[in-house]
Amino acid sequence: MKRKEKKLKVNLRKKKLIILVCLIMGIFLVGMIVFGVMKPFLTSILGAAAIESKTMDLGNYPDMFVSNGTFNGYIVVGEAARAVDSLAMTDIASSMKIMDVVTTTNVSVSGDAWKAQGLEMANSDASAGSIQGESLYDLTRYIGKSELGALADGTYKTGERSYTYTQYLYFDVDNTGTNEVVKYAEDEDSIADVFFFVGSGDNIGQYKLEFSPSAKSNIYNAAGSESSSGTILKSFEDTKINMLGEEFTVVLARRSQANRVKLTLMGGAVSGSLLERETQSYQLNDDSYEVSLNYVDDTSVKFTVNGELTNKLQAGEIYKLTDGKEIGVSEILYQSYAGGIHSADFFVGANKLVLEDSDITDSESDNEMEFNGETIDGAEVIISGTDDNTNFALSTIAINMVAQNDYYVGANDKLSKVIESSGDEPELLFTNNWDIEFMGLSEADSHEIKLDSNSDRRYKFIFYDGKGNKVDLPLFYAVDDNTISFGEEATENCLHLKEGVSIHQGDFFVLTGGDASSGSAASFALQYKGADRSTATNPKIKFKNLGSGNTMEYSVDISSTAVGSAVCDIKLGGYTFSVVNDQEKTGNDFHISISGSDDVDIVDYYGAQISFSNIPASNCRDGGVASSTVTITTPDSGDYDSQAPAEIVLTVGATATNEVTVSSFTIGGTSNPLLGEGNTGYGHTSMGGMISYETPSGSPDSFIYDYPKEQRLPLLYVTSGATTTSSAVSGDLTAVAIVDATRLDKEVVDVTTQNLIVIGGACVNTVAAELLGNPINCSEGFTPGKARIKLFKNDNNIAMLVAGYGSIETRLAGQVITHRWAELSGNEVEIEGTSYSDAVITVIE
């Protein structure tokens, strides 16, 4: 009986366990089903909440209504609204702008740094190795204490007196013209880019220290007596001097013969002084050094450093530790009497410099600098002074730093790193406490000026007109193997780049007003679409503006129908161009011309001037030309600092297979000096604009000039010590594109399916009434003399109500949005005033 009860209890536990497992699985499955069904709803709710938290604030206007620069909703005005309400809509639509935050990135270096302000990059107008441009030497011969803190004046103290000194850093003292320029080039790895370039064998710079007056020392022999044949310049020893921000101790000053000097200097990261058998700990960056002075005699010492025993070291000598750091002795004090002091001064992380000049009376270098026992190639020592065998005087100490290889310093790189990566000694940059940093070119908006083919027989020219609109202008057509015509076809749709030439219906022409050299010029490309005969009722003449795409219509002047009489005046860009008839006006689509006789250049919106040669004196119907040059210049000297962008010339002709071609291409008079691989070459002008020229097989050549709005300048800095680099993004306000976005209230079927800007209150706009809950009193919530701007969440969209008690108040709210939108915040504001400038904006909580 007990066994049966036990078995029943076991079975009961199993059943309970099975039921529990099934229950858990059931709950899990139901949860999965519910989540699957609810997921879209939850996503919608979460999405709406995200929208509300991020954009339901007037401070975000107009960003919440803009996608990729285009308005993404409707601006709604009531069918019953008054005209003033429509003005509010116009104000808002015409003024909506967003910040183009990618326009400009400004990079700066802070700390002890001098910016090469105004340095311009070189034109790619020669072979890469021969490119000359503005160098640091051209910008300034040298910099001093005013430009770099490390070049501060100093005081040099000997036992007898003090001497002041000044420091300078001279640039490229040889002034080769090709050195220390910023240019487009290929580095040693065949990477083409914009580099700060220092040429092999050329001067990086010359550090120069000038004493005033000359620092003097008597001449002593080893016995300590003054002697004309002595070798010791005692006054200079155990003195300190600061060079380029680094302090050094002059450990030894020797004169092995007349007019010859050898200075041994010791510097380092950590200095110390110990008595014999004394131990101290020193911190160098992340490393600790326990230093003991074990032994001292009158000429040498021994240390133990972190358990490592050094050799005997004399003053001016160094010992390399196993971790690569050096310990160097700067001074030994040994008093041989009982109780006398036995001590040594030393550096951990020591830098030992030996500066030697065999003849201080000339300006030539006879020796290269030694650093920690190694001769530094290219670090040429020049010391000047006098020696009368009694007094030795130091006037200047200079180090010429000569490049041992071509150094290409790319954007966001340093000269020191490039020197080291090339395998040269980094100590070539004297003291290693200064550098040249290149941060690339300054940013500027740009657009492409382009010669491109839309078929093998046609070239088009792309530029931007006086309003900044892109223009695709039919330029050349290959008539046969030896002839090109200006325009789209051989004898139809001609292009006219000369005043006074007969323009037929369908022809293209360019109008340029102003002076390119003063920056006032503007060009527009038009197509003549036809004209009504003079006998028609209210005759019109029409032109298509190739930039805006708009059709321009003018009344035909019928006061005279004689050839050469006035037809109309075209007004563009603040200039007036007179159109006259070249054919009797009595027929439709009569021929016309532009008053004058000059050739017409194209002036791009950013200032480039494009001129053409062999412009026909008549239209293309009378024949073509063998070739024409397209010349691109920058005529306004205010567009650049001092280095004029190189002239670019493309000669266009026809091939034997009746295709357009560029038969020659020059920059600054040099035939195709661009760098590249395959069929495409690249270069730059001093404007900082990149040029690309492609010569594809079987297709016409193409040319692109990425022309900047403002000159792109090299961001080059001479730095010392620790510096920081920062960048700030700025931009311009750009107009938002509003395309087919205006609606009457009756045309809005569902207020929740799109973003809305709703103009006018419930009394004049049914959409506004719906947003406000269809109040019985349509003016409910509004006060005379006041307007409201309020946001509503419309499902996943946003509606903004712009409404006043009446149409005058509504217009005021529209003007506040137009002129003072940056002052709006919160979910709702109230506007009160008589004009937008004095209106009071109050946030409604």
# chains A, B, ... in the order shown; residues from 1 in each chain; ligands from 1
>>> residues_around(residues="stretch 622-628 of chain A", least_positions_apart="4", cutoff="9 Å", atoms="only C-alpha atoms", output="CSV table (one decimal) with N, CA and C atoms, in the first residue's frame")
chain,number,residue,atom,x,y,z
A,479,VAL,N,32.1,69.5,-87.4
A,479,VAL,CA,31.4,69.5,-88.7
A,479,VAL,C,32.0,68.5,-89.7
A,482,ASN,N,38.1,68.7,-90.2
A,482,ASN,CA,38.9,69.9,-90.1
A,482,ASN,C,38.2,71.1,-89.7
A,483,THR,N,36.9,71.0,-89.3
A,483,THR,CA,36.1,72.1,-89.0
A,483,THR,C,35.2,71.9,-87.7
A,484,ILE,N,35.2,72.9,-86.9
A,484,ILE,CA,34.2,72.8,-85.8
A,484,ILE,C,33.4,74.1,-85.9
A,485,SER,N,32.1,74.0,-85.4
A,485,SER,CA,31.3,75.2,-85.3
A,485,SER,C,30.9,75.4,-83.9
A,486,PHE,N,30.6,76.7,-83.6
A,486,PHE,CA,30.1,77.1,-82.3
A,486,PHE,C,28.7,76.8,-82.2
A,490,ALA,N,25.8,71.8,-86.9
A,490,ALA,CA,26.6,72.4,-87.9
A,490,ALA,C,26.0,73.7,-88.3
A,491,THR,N,24.8,73.8,-88.6
A,491,THR,CA,24.1,75.0,-89.1
A,491,THR,C,22.8,75.3,-88.4
A,612,PHE,N,37.4,82.9,-75.6
A,612,PHE,CA,37.5,82.0,-76.8
A,612,PHE,C,38.2,82.7,-77.9
A,613,SER,N,38.9,82.0,-78.7
A,613,SER,CA,39.5,82.6,-79.9
A,613,SER,C,38.8,82.1,-81.2
A,614,ASN,N,39.0,82.8,-82.3
A,614,ASN,CA,38.4,82.4,-83.6
A,614,ASN,C,36.9,82.5,-83.6
A,615,ILE,N,36.4,83.4,-82.8
A,615,ILE,CA,34.9,83.6,-82.7
A,615,ILE,C,34.4,84.1,-84.1
A,616,PRO,N,33.5,83.4,-84.7
A,616,PRO,CA,33.1,83.8,-86.1
A,616,PRO,C,32.4,85.2,-86.0
A,618,SER,N,30.2,85.9,-88.1
A,618,SER,CA,28.8,85.6,-88.5
A,618,SER,C,28.4,84.3,-87.8
A,650,LEU,N,43.0,75.4,-73.5
A,650,LEU,CA,42.6,74.2,-74.2
A,650,LEU,C,42.3,74.6,-75.6
A,651,THR,N,43.0,73.9,-76.6
A,651,THR,CA,42.8,74.1,-78.0
A,651,THR,C,41.9,73.0,-78.5
A,652,VAL,N,40.7,73.4,-79.0
A,652,VAL,CA,39.7,72.4,-79.5
A,652,VAL,C,39.7,72.4,-81.0
A,653,GLY,N,39.7,71.2,-81.6
A,653,GLY,CA,39.5,71.0,-83.0
A,653,GLY,C,38.8,69.8,-83.3
A,654,ALA,N,39.0,69.3,-84.5
A,654,ALA,CA,38.3,68.1,-85.0
A,654,ALA,C,39.3,67.0,-85.4
A,663,SER,N,43.3,69.4,-78.9
A,663,SER,CA,44.6,69.1,-79.6
A,663,SER,C,45.8,69.6,-78.8
>>> residues_around(residues="A:Gly587", least_positions_apart="4", cutoff="10 Å", atoms="only C-alpha atoms", output="ChimeraX atom specification")
/A:531-536,583,591
>>> write_last_selection(atoms="N, CA, C and O atoms", output="PDB file, in the first residue's frame")
ATOM      1  N   ALA A 531       9.734  85.042 -81.705  1.00  0.00           N
ATOM      2  CA  ALA A 531       9.055  86.323 -81.483  1.00  0.00           C
ATOM      3  C   ALA A 531       7.817  86.402 -82.369  1.00  0.00           C
ATOM      4  O   ALA A 531       7.754  85.798 -83.451  1.00  0.00           O
ATOM      5  N   ASP A 532       6.829  87.155 -81.885  1.00  0.00           N
ATOM      6  CA  ASP A 532       5.640  87.442 -82.698  1.00  0.00           C
ATOM      7  C   ASP A 532       5.969  88.558 -83.689  1.00  0.00           C
ATOM      8  O   ASP A 532       6.781  89.449 -83.421  1.00  0.00           O
ATOM      9  N   ARG A 533       5.314  88.509 -84.846  1.00  0.00           N
ATOM     10  CA  ARG A 533       5.502  89.573 -85.840  1.00  0.00           C
ATOM     11  C   ARG A 533       4.940  90.883 -85.284  1.00  0.00           C
ATOM     12  O   ARG A 533       4.069  90.898 -84.403  1.00  0.00           O
ATOM     13  N   SER A 534       5.419  91.967 -85.803  1.00  0.00           N
ATOM     14  CA  SER A 534       5.062  93.287 -85.282  1.00  0.00           C
ATOM     15  C   SER A 534       3.587  93.606 -85.460  1.00  0.00           C
ATOM     16  O   SER A 534       3.030  94.433 -84.734  1.00  0.00           O
ATOM     17  N   THR A 535       2.927  92.946 -86.416  1.00  0.00           N
ATOM     18  CA  THR A 535       1.506  93.232 -86.668  1.00  0.00           C
ATOM     19  C   THR A 535       0.577  92.445 -85.757  1.00  0.00           C
ATOM     20  O   THR A 535      -0.632  92.648 -85.789  1.00  0.00           O
ATOM     21  N   ALA A 536       1.136  91.523 -84.952  1.00  0.00           N
ATOM     22  CA  ALA A 536       0.305  90.744 -84.023  1.00  0.00           C
ATOM     23  C   ALA A 536      -0.165  91.636 -82.881  1.00  0.00           C
ATOM     24  O   ALA A 536       0.426  92.674 -82.587  1.00  0.00           O
ATOM     25  N   GLN A 583      16.396  91.578 -88.888  1.00  0.00           N
ATOM     26  CA  GLN A 583      15.478  91.219 -89.972  1.00  0.00           C
ATOM     27  C   GLN A 583      14.180  91.974 -89.705  1.00  0.00           C
ATOM     28  O   GLN A 583      13.871  92.305 -88.560  1.00  0.00           O
ATOM     29  N   HIS A 591      14.980  87.517 -87.104  1.00  0.00           N
ATOM     30  CA  HIS A 591      16.329  87.407 -86.562  1.00  0.00           C
ATOM     31  C   HIS A 591      16.647  88.637 -85.720  1.00  0.00           C
ATOM     32  O   HIS A 591      16.188  89.747 -86.008  1.00  0.00           O
TER      33      HIS A 591
END
>>> residues_around(residues="A:Phe371", least_positions_apart="4", cutoff="9 Å", atoms="only C-alpha atoms", output="ChimeraX atom specification")
/A:351-354,375-376,427
>>> write_last_selection(atoms="N, CA, C and O atoms", output="CSV table (one decimal), in the first residue's frame")
chain,number,residue,atom,x,y,z
A,351,ASN,N,70.7,64.5,-23.4
A,351,ASN,CA,71.0,64.9,-24.8
A,351,ASN,C,72.3,65.6,-24.8
A,351,ASN,O,72.5,66.7,-24.3
A,352,LYS,N,73.3,65.0,-25.5
A,352,LYS,CA,74.6,65.6,-25.5
A,352,LYS,C,74.9,66.2,-26.9
A,352,LYS,O,74.8,65.4,-27.9
A,353,LEU,N,75.1,67.4,-27.0
A,353,LEU,CA,75.4,68.1,-28.3
A,353,LEU,C,76.9,68.5,-28.3
A,353,LEU,O,77.4,69.0,-27.3
A,354,VAL,N,77.5,68.3,-29.5
A,354,VAL,CA,78.8,68.9,-29.7
A,354,VAL,C,78.7,69.8,-30.9
A,354,VAL,O,78.3,69.4,-32.0
A,375,THR,N,77.1,61.6,-35.5
A,375,THR,CA,77.1,62.8,-36.3
A,375,THR,C,75.8,62.9,-37.1
A,375,THR,O,75.3,61.9,-37.7
A,376,ILE,N,75.2,64.0,-37.0
A,376,ILE,CA,73.9,64.2,-37.6
A,376,ILE,C,74.0,64.8,-39.0
A,376,ILE,O,74.4,66.0,-39.2
A,427,GLU,N,67.1,64.2,-35.2
A,427,GLU,CA,67.8,65.3,-34.6
A,427,GLU,C,68.3,66.4,-35.6
A,427,GLU,O,68.8,67.4,-35.2
>>> select_by_dssp(residues="stretch 557-662 of chain A", states="helix (DSSP H, G or I)", output="MDAnalysis selection string")
chainID A and resid 620:622 637:639
>>> residues_around(residues="A:Thr661", least_positions_apart="3", cutoff="9 Å", atoms="only C-alpha atoms", output="PyMOL selection string")
chain A and resi 456-457+459+478+651-655+664+699-702
>>> write_last_selection(atoms="all heavy atoms", output="short mmCIF file (atom, residue, chain, number, x, y, z; two decimals), in the first residue's frame")
data_model
loop_
_atom_site.label_atom_id
_atom_site.label_comp_id
_atom_site.auth_asym_id
_atom_site.auth_seq_id
_atom_site.Cartn_x
_atom_site.Cartn_y
_atom_site.Cartn_z
N ASP A 456 30.32 62.15 -79.40
CA ASP A 456 31.66 62.26 -79.95
C ASP A 456 31.84 63.52 -80.79
O ASP A 456 32.96 63.99 -80.98
CB ASP A 456 31.99 61.03 -80.80
CG ASP A 456 32.20 59.79 -79.95
OD1 ASP A 456 32.36 59.94 -78.72
OD2 ASP A 456 32.19 58.67 -80.50
N ARG A 457 30.75 64.09 -81.26
CA ARG A 457 30.85 65.27 -82.13
C ARG A 457 30.55 66.57 -81.41
O ARG A 457 30.64 67.64 -82.01
CB ARG A 457 29.90 65.12 -83.33
CG ARG A 457 30.17 63.89 -84.18
CD ARG A 457 29.36 63.87 -85.45
NE ARG A 457 29.84 64.84 -86.43
CZ ARG A 457 29.54 64.79 -87.73
NH1 ARG A 457 28.76 63.82 -88.19
NH2 ARG A 457 29.98 65.71 -88.54
N TYR A 459 30.88 69.15 -77.91
CA TYR A 459 31.37 69.58 -76.61
C TYR A 459 30.36 70.54 -75.99
O TYR A 459 29.81 71.40 -76.68
CB TYR A 459 32.71 70.32 -76.74
CG TYR A 459 33.94 69.47 -76.52
CD1 TYR A 459 35.04 69.58 -77.37
CD2 TYR A 459 34.02 68.58 -75.46
CE1 TYR A 459 36.18 68.82 -77.18
CE2 TYR A 459 35.16 67.80 -75.26
CZ TYR A 459 36.23 67.93 -76.12
OH TYR A 459 37.35 67.16 -75.91
N ALA A 478 31.66 69.10 -84.18
CA ALA A 478 32.61 68.72 -85.23
C ALA A 478 31.86 68.58 -86.56
O ALA A 478 31.11 67.62 -86.77
CB ALA A 478 33.31 67.41 -84.86
N THR A 651 43.02 73.92 -76.58
CA THR A 651 42.77 74.15 -78.01
C THR A 651 41.89 73.03 -78.54
O THR A 651 42.27 71.85 -78.47
CB THR A 651 44.09 74.22 -78.79
OG1 THR A 651 44.91 75.25 -78.23
CG2 THR A 651 43.83 74.53 -80.25
N VAL A 652 40.73 73.41 -79.03
CA VAL A 652 39.74 72.43 -79.48
C VAL A 652 39.68 72.42 -81.00
O VAL A 652 39.65 73.47 -81.65
CB VAL A 652 38.35 72.75 -78.90
CG1 VAL A 652 37.31 71.74 -79.41
CG2 VAL A 652 38.39 72.74 -77.38
N GLY A 653 39.66 71.22 -81.57
CA GLY A 653 39.53 71.05 -83.01
C GLY A 653 38.76 69.79 -83.32
O GLY A 653 38.01 69.27 -82.48
N ALA A 654 38.95 69.27 -84.52
CA ALA A 654 38.25 68.07 -84.97
C ALA A 654 39.26 67.00 -85.35
O ALA A 654 40.38 67.29 -85.77
CB ALA A 654 37.34 68.39 -86.14
N THR A 655 38.85 65.73 -85.24
CA THR A 655 39.71 64.61 -85.62
C THR A 655 39.38 64.14 -87.03
O THR A 655 38.40 64.58 -87.64
CB THR A 655 39.51 63.44 -84.64
OG1 THR A 655 38.17 62.91 -84.81
CG2 THR A 655 39.68 63.88 -83.20
N SER A 664 45.59 70.50 -77.88
CA SER A 664 46.68 70.87 -76.97
C SER A 664 46.08 71.40 -75.68
O SER A 664 44.99 71.98 -75.67
CB SER A 664 47.62 71.90 -77.59
OG SER A 664 47.07 73.19 -77.57
N SER A 699 37.19 58.36 -77.09
CA SER A 699 36.20 59.38 -76.75
C SER A 699 36.91 60.73 -76.63
O SER A 699 38.12 60.79 -76.38
CB SER A 699 35.51 59.06 -75.42
OG SER A 699 34.81 57.84 -75.51
N PRO A 700 36.18 61.82 -76.77
CA PRO A 700 36.79 63.14 -76.65
C PRO A 700 37.37 63.36 -75.25
O PRO A 700 36.87 62.84 -74.25
CB PRO A 700 35.63 64.10 -76.93
CG PRO A 700 34.65 63.31 -77.73
CD PRO A 700 34.76 61.91 -77.22
N ASP A 701 38.45 64.16 -75.21
CA ASP A 701 39.05 64.51 -73.93
C ASP A 701 38.05 65.32 -73.10
O ASP A 701 37.15 65.97 -73.64
CB ASP A 701 40.31 65.36 -74.14
CG ASP A 701 41.36 64.63 -74.97
OD1 ASP A 701 41.20 63.41 -75.19
OD2 ASP A 701 42.33 65.29 -75.40
N SER A 702 38.24 65.31 -71.79
CA SER A 702 37.40 66.11 -70.91
C SER A 702 38.27 66.85 -69.90
O SER A 702 39.36 66.40 -69.54
CB SER A 702 36.37 65.24 -70.17
OG SER A 702 37.01 64.34 -69.29
#
>>> closest_residue(among="A:Asn797, A:Ala735, A:Thr140, A:Ala722", to="A:Asn755", atoms="only C-alpha atoms")
A:Asn797
>>> atom_distance(atom1="atom CA of A:Lys585", atom2="atom CA of A:Asp569")
15.8 Å
>>> residues_around(residues="stretch 150-152 of chain A", least_positions_apart="2", cutoff="10 Å", atoms="only C-alpha atoms", output="ChimeraX atom specification")
/A:112-113,143-148,154,165-169,207-209,242-246,433-434,719-721
>>> closest_residue(among="A:Leu546, A:Ile841, A:Ile449, A:Val567", to="A:Val603", atoms="only C-alpha atoms")
A:Ile449
>>> atom_distance(atom1="atom CA of A:Gly59", atom2="atom CA of A:Glu809")
21.2 Å
>>> closest_residue(among="A:Ile382, A:Leu756, A:Leu58, A:Leu511", to="A:Asn72", atoms="only C-alpha atoms")
A:Leu756
>>> residues_around(residues="A:Tyr554", least_positions_apart="5", cutoff="10 Å", atoms="only C-alpha atoms", output="list in words")
Ala531, Pro539, Lys540, Ile541, Lys542, Phe543, Val567, Cys568, Asp569 and Ile570 of chain A
>>> write_last_selection(atoms="N, CA, C and O atoms", output="mmCIF file, in the first residue's frame")
data_model
loop_
_atom_site.group_PDB
_atom_site.id
_atom_site.type_symbol
_atom_site.label_atom_id
_atom_site.label_comp_id
_atom_site.auth_asym_id
_atom_site.auth_seq_id
_atom_site.Cartn_x
_atom_site.Cartn_y
_atom_site.Cartn_z
ATOM 1 N N ALA A 531 9.734 85.042 -81.705
ATOM 2 C CA ALA A 531 9.055 86.323 -81.483
ATOM 3 C C ALA A 531 7.817 86.402 -82.369
ATOM 4 O O ALA A 531 7.754 85.798 -83.451
ATOM 5 N N PRO A 539 2.591 91.929 -79.479
ATOM 6 C CA PRO A 539 3.619 90.946 -79.839
ATOM 7 C C PRO A 539 4.650 90.746 -78.722
ATOM 8 O O PRO A 539 5.029 91.697 -78.034
ATOM 9 N N LYS A 540 5.088 89.516 -78.565
ATOM 10 C CA LYS A 540 6.051 89.148 -77.525
ATOM 11 C C LYS A 540 7.280 88.484 -78.147
ATOM 12 O O LYS A 540 7.209 87.878 -79.215
ATOM 13 N N ILE A 541 8.410 88.586 -77.434
ATOM 14 C CA ILE A 541 9.622 87.860 -77.780
ATOM 15 C C ILE A 541 10.041 87.039 -76.566
ATOM 16 O O ILE A 541 9.903 87.501 -75.424
ATOM 17 N N LYS A 542 10.525 85.804 -76.794
ATOM 18 C CA LYS A 542 10.802 84.897 -75.683
ATOM 19 C C LYS A 542 12.231 84.364 -75.754
ATOM 20 O O LYS A 542 12.758 84.101 -76.836
ATOM 21 N N PHE A 543 12.792 84.213 -74.558
ATOM 22 C CA PHE A 543 14.127 83.629 -74.402
ATOM 23 C C PHE A 543 14.073 82.611 -73.265
ATOM 24 O O PHE A 543 13.341 82.789 -72.294
ATOM 25 N N VAL A 567 14.243 96.182 -80.176
ATOM 26 C CA VAL A 567 13.233 95.138 -79.984
ATOM 27 C C VAL A 567 12.812 95.101 -78.510
ATOM 28 O O VAL A 567 11.633 95.166 -78.187
ATOM 29 N N CYS A 568 13.788 95.016 -77.614
ATOM 30 C CA CYS A 568 13.519 94.998 -76.174
ATOM 31 C C CYS A 568 14.832 95.153 -75.440
ATOM 32 O O CYS A 568 15.912 95.085 -76.039
ATOM 33 N N ASP A 569 14.751 95.362 -74.162
ATOM 34 C CA ASP A 569 15.920 95.351 -73.284
ATOM 35 C C ASP A 569 15.818 94.146 -72.362
ATOM 36 O O ASP A 569 14.791 93.930 -71.718
ATOM 37 N N ILE A 570 16.913 93.365 -72.321
ATOM 38 C CA ILE A 570 16.980 92.236 -71.390
ATOM 39 C C ILE A 570 17.719 92.711 -70.152
ATOM 40 O O ILE A 570 18.844 93.221 -70.248
#
>>> residues_around(residues="A:Ser442", least_positions_apart="4", cutoff="7 Å", atoms="only C-alpha atoms", output="VMD selection string")
chain A and resid 106 712 to 715
>>> write_last_selection(atoms="N, CA and C atoms", output="short mmCIF file (atom, residue, chain, number, x, y, z; two decimals), in the first residue's frame")
data_model
loop_
_atom_site.label_atom_id
_atom_site.label_comp_id
_atom_site.auth_asym_id
_atom_site.auth_seq_id
_atom_site.Cartn_x
_atom_site.Cartn_y
_atom_site.Cartn_z
N ASN A 106 37.24 74.85 -40.50
CA ASN A 106 38.40 75.65 -40.17
C ASN A 106 39.27 74.89 -39.18
N ARG A 712 41.70 78.68 -51.61
CA ARG A 712 42.08 77.69 -50.61
C ARG A 712 43.57 77.87 -50.31
N LEU A 713 43.86 78.14 -49.05
CA LEU A 713 45.24 78.43 -48.65
C LEU A 713 45.81 77.31 -47.81
N PRO A 714 47.13 77.07 -47.93
CA PRO A 714 47.76 76.06 -47.09
C PRO A 714 47.69 76.45 -45.62
N LEU A 715 47.38 75.48 -44.77
CA LEU A 715 47.36 75.67 -43.33
C LEU A 715 48.67 75.09 -42.79
#
>>> closest_residue(among="A:Leu275, A:Leu313, A:Leu394, A:Met439", to="A:Pro213", atoms="only C-alpha atoms")
A:Leu394
>>> closest_atom_pairs(of="stretch 331-425 of chain A", to="stretch 252-264 of chain A", cutoff="9 Å", atoms="only C-alpha atoms", output="CSV")
residue,atom,partner,partner_atom,distance
A:Lys352,CA,A:Thr264,CA,7.1
A:Leu353,CA,A:Thr264,CA,5.8
A:Val354,CA,A:Thr264,CA,4.6
A:Leu355,CA,A:Leu263,CA,5.1
A:Glu356,CA,A:Lys262,CA,4.2
A:Asp357,CA,A:Val261,CA,5.7
A:Ser358,CA,A:Arg260,CA,4.6
A:Asp359,CA,A:Asn259,CA,5.2
A:Ile360,CA,A:Asn259,CA,5.4
A:Thr361,CA,A:Asn259,CA,6.8
A:Ile383,CA,A:Val261,CA,8.1
A:Gly385,CA,A:Asn259,CA,8.1
A:Thr386,CA,A:Asn259,CA,6.8
A:Asp387,CA,A:Asn259,CA,5.5
A:Asp388,CA,A:Ala258,CA,8.0
A:Asn389,CA,A:Ala258,CA,6.8
A:Phe392,CA,A:Asn259,CA,8.3
>>> write_last_selection(atoms="C-alpha atoms", output="short mmCIF file (atom, residue, chain, number, x, y, z; two decimals), in the first residue's frame")
data_model
loop_
_atom_site.label_atom_id
_atom_site.label_comp_id
_atom_site.auth_asym_id
_atom_site.auth_seq_id
_atom_site.Cartn_x
_atom_site.Cartn_y
_atom_site.Cartn_z
CA LYS A 352 74.64 65.61 -25.54
CA LEU A 353 75.41 68.10 -28.27
CA VAL A 354 78.80 68.86 -29.72
CA LEU A 355 78.99 72.07 -31.74
CA GLU A 356 82.32 72.64 -33.45
CA ASP A 357 83.58 75.17 -35.98
CA SER A 358 87.12 75.08 -37.39
CA ASP A 359 87.16 78.76 -38.31
CA ILE A 360 84.99 81.27 -36.49
CA THR A 361 86.11 84.08 -38.79
CA ILE A 383 79.90 79.66 -35.09
CA GLY A 385 83.40 85.30 -33.33
CA THR A 386 86.93 86.56 -32.75
CA ASP A 387 90.10 85.19 -31.19
CA ASP A 388 93.08 87.43 -30.37
CA ASN A 389 94.90 84.73 -28.36
CA PHE A 392 87.83 84.53 -27.24
#
>>> closest_residue(among="A:Ser837, A:Thr631, A:Ser825, A:Asn306", to="A:Tyr282", atoms="only C-alpha atoms")
A:Asn306
>>> closest_residue(among="A:Glu380, A:Asp172, A:Glu677, A:Asp599", to="A:Pro696", atoms="only C-alpha atoms")
A:Glu677
>>> decode(residues="stretch 478-486 of chain A", atoms="N, CA, C and O atoms", output="PDB file, in the first residue's frame")
ATOM      1  N   ALA A 478      31.665  69.101 -84.185  1.00  0.00           N
ATOM      2  CA  ALA A 478      32.608  68.715 -85.233  1.00  0.00           C
ATOM      3  C   ALA A 478      31.863  68.576 -86.558  1.00  0.00           C
ATOM      4  O   ALA A 478      31.111  67.618 -86.765  1.00  0.00           O
ATOM      5  N   VAL A 479      32.067  69.542 -87.446  1.00  0.00           N
ATOM      6  CA  VAL A 479      31.378  69.537 -88.738  1.00  0.00           C
ATOM      7  C   VAL A 479      31.971  68.480 -89.656  1.00  0.00           C
ATOM      8  O   VAL A 479      31.260  67.687 -90.284  1.00  0.00           O
ATOM      9  N   ASP A 480      33.311  68.450 -89.721  1.00  0.00           N
ATOM     10  CA  ASP A 480      34.017  67.443 -90.511  1.00  0.00           C
ATOM     11  C   ASP A 480      35.379  67.230 -89.863  1.00  0.00           C
ATOM     12  O   ASP A 480      35.581  67.595 -88.701  1.00  0.00           O
ATOM     13  N   ASP A 481      36.317  66.669 -90.608  1.00  0.00           N
ATOM     14  CA  ASP A 481      37.611  66.332 -90.014  1.00  0.00           C
ATOM     15  C   ASP A 481      38.517  67.540 -89.810  1.00  0.00           C
ATOM     16  O   ASP A 481      39.613  67.409 -89.266  1.00  0.00           O
ATOM     17  N   ASN A 482      38.074  68.721 -90.247  1.00  0.00           N
ATOM     18  CA  ASN A 482      38.933  69.896 -90.138  1.00  0.00           C
ATOM     19  C   ASN A 482      38.177  71.128 -89.670  1.00  0.00           C
ATOM     20  O   ASN A 482      38.732  72.220 -89.670  1.00  0.00           O
ATOM     21  N   THR A 483      36.917  70.952 -89.266  1.00  0.00           N
ATOM     22  CA  THR A 483      36.100  72.118 -88.963  1.00  0.00           C
ATOM     23  C   THR A 483      35.229  71.864 -87.735  1.00  0.00           C
ATOM     24  O   THR A 483      34.628  70.795 -87.602  1.00  0.00           O
ATOM     25  N   ILE A 484      35.182  72.852 -86.871  1.00  0.00           N
ATOM     26  CA  ILE A 484      34.230  72.840 -85.765  1.00  0.00           C
ATOM     27  C   ILE A 484      33.375  74.107 -85.855  1.00  0.00           C
ATOM     28  O   ILE A 484      33.813  75.134 -86.356  1.00  0.00           O
ATOM     29  N   SER A 485      32.140  73.998 -85.402  1.00  0.00           N
ATOM     30  CA  SER A 485      31.262  75.159 -85.340  1.00  0.00           C
ATOM     31  C   SER A 485      30.924  75.447 -83.890  1.00  0.00           C
ATOM     32  O   SER A 485      30.967  74.553 -83.039  1.00  0.00           O
ATOM     33  N   PHE A 486      30.597  76.709 -83.613  1.00  0.00           N
ATOM     34  CA  PHE A 486      30.150  77.087 -82.271  1.00  0.00           C
ATOM     35  C   PHE A 486      28.661  76.800 -82.171  1.00  0.00           C
ATOM     36  O   PHE A 486      27.855  77.399 -82.896  1.00  0.00           O
TER      37      PHE A 486
END
